[in-house]
Every structure is written in structure tokens, then in C-alpha cells.
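Report on one structure; see the data block that follows.
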Amino acid sequence: MITPKPDKNGNFVFGSSLLKMVPLWTLALFSVLIIVLTIVSLASGKYINLSSSIIRIISCAAIFGVSVFMTVKRPKYVITKEKILLYGKWEIFFSDIEQVLVHDNLLGMIELITKNGTFTVTAFDLSCPLKVFAEILTERISVYEQHSS
């Protein structure tokens, strides 16, 4: 996997992993393929039952819509110079973080223990290895602590 680089503002942006995105893209592709083949069979008059073909088209359109929605609304983690955030859900300032625990087991996750509660970052939500994310996060936290003291 590719090590992420900071953007022009110095922020690291992490998208979803391929293990999470490929099944969604596959569902969208097969849904469109089934819709096209069903419409072709309807146009050529080779359908068995019109109502089952219409139900198939509606079902595949719904699956396509849900998979595209999940692809667009995928989680994005951003590490700035003073905080980490899950875009649109939560943000944690480095001054609020008490402990960072890395669980590098089969599923893998990072727990951020703060004054307000515990937040988790799973390996399936990251486009890079969990260790790389943890290294970038700890580096940013240590730089923040050096500048604030």
C-alpha cells in the first residue's frame, strides 16, 4: 500500500480501504449489467414474466443506488496539525487525547481514549496500513505537544 502524503495545507486525508470499496463497485457493476440485460430481453420480447422483469429492474436499481451512496459517503479521516477528525461525525483535539491504543490483531483498530470518551478507527476504514496511520498520528501529537509546551 502507498504511504499517504500530506496535502497542500499539511493535512493527511485517509479514505476507505480497497477491501471495503471493491465489493461496492462490484455490486454497482453487476446491478447495471443485470438491468441492461433485462431491458434487452424486454425489448426483444424474450421475457418470461413482465412483472418479474420489472421487479428485477427496480431491485437492481435500488442495489445500485445504495452501493453508489455508500461509495460517496465513505468515511474520511483527516489528521491536521491540531486535531484528528472523522469527516462529518466527530473531531478530537490533540489536547483532549489521553491515550492511543493500537490493536493490531486480525481486524485491527486504533482506540483514541479522550476526556469525552473512546473513539475507534478500524483498519477497514483506512486506505493505508494501520501502523502507518498510528505513526502519523503519534508524530503529529508529539509535534503538537512540543509546540504547546
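Labels used: A, B, ... for chains in the order of the C-alpha cells, numbers from 1 for residues in each chain, and numbers from 1 for ligands as shown.
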
Near-segment 42-57 of chain A list (12 Å; only C-alpha atoms; drop same-chain fewer than 6 positions) as a list of chain:residue names: A:Phe30, A:Ser31, A:Val32, A:Leu33, A:Ile34, A:Ile35, A:Val36, A:Ile63, A:Phe64

Test item, strand (DSSP E) assignment across segment 9-115 of chain A, answer as a ChimeraX atom specification: /A:12-14,77-79,83-86,90-93,97-103,109-114

Cut-off 10 Å: closest segment 12-37 of chain A/segment 65-74 of chain A atom pairs per residue, using only C-alpha atoms, as a Markdown table:
```
| residue | atom | partner | partner_atom | distance |
| --- | --- | --- | --- | --- |
| A:Gly15 | CA | A:Arg74 | CA | 7.4 |
| A:Ser16 | CA | A:Arg74 | CA | 6.5 |
| A:Ser17 | CA | A:Arg74 | CA | 9.9 |
| A:Lys20 | CA | A:Thr71 | CA | 9.1 |
| A:Met21 | CA | A:Thr71 | CA | 6.8 |
| A:Val22 | CA | A:Thr71 | CA | 9.7 |
| A:Pro23 | CA | A:Ser67 | CA | 8.9 |
| A:Leu24 | CA | A:Ser67 | CA | 5.2 |
| A:Trp25 | CA | A:Ser67 | CA | 7.1 |
| A:Thr26 | CA | A:Ser67 | CA | 9.0 |
| A:Leu27 | CA | A:Ser67 | CA | 6.7 |
| A:Ala28 | CA | A:Ser67 | CA | 6.0 |
| A:Leu29 | CA | A:Ser67 | CA | 9.7 |
| A:Ser31 | CA | A:Gly65 | CA | 9.5 |
```

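For segment 115-125 of chain A, the non-local neighbours within 6 Å, defined as residues at least 3 positions apart in the same chain or in other chains and counting only C-alpha atoms, are Ser16, Ser17, Asp96, Gly108, Met109, Ile110, Glu111, Leu112 and Leu130 of chain A.
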
Residues of segment 126-147 of chain A that approach segment 82-94 of chain A to 10 Å or less, counting only C-alpha atoms: could you list each one with the shortest pair of atoms and its distance in Å to one decimal, rows by chain and increasing residue number, as CSV?
```
residue,atom,partner,partner_atom,distance
A:Leu137,CA,A:Ile84,CA,8.1
A:Thr138,CA,A:Phe94,CA,9.9
A:Arg140,CA,A:Glu82,CA,7.8
A:Ile141,CA,A:Phe94,CA,6.0
A:Ser142,CA,A:Phe94,CA,9.2
A:Val143,CA,A:Glu82,CA,9.3
A:Tyr144,CA,A:Glu82,CA,6.4
A:Glu145,CA,A:Phe94,CA,8.2
```

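With only C-alpha atoms as the atoms that count, the residue of A:Gln146, A:Ser95, A:Thr114, A:Asn11 with the shortest distance to Val78 of chain A is A:Asn11.
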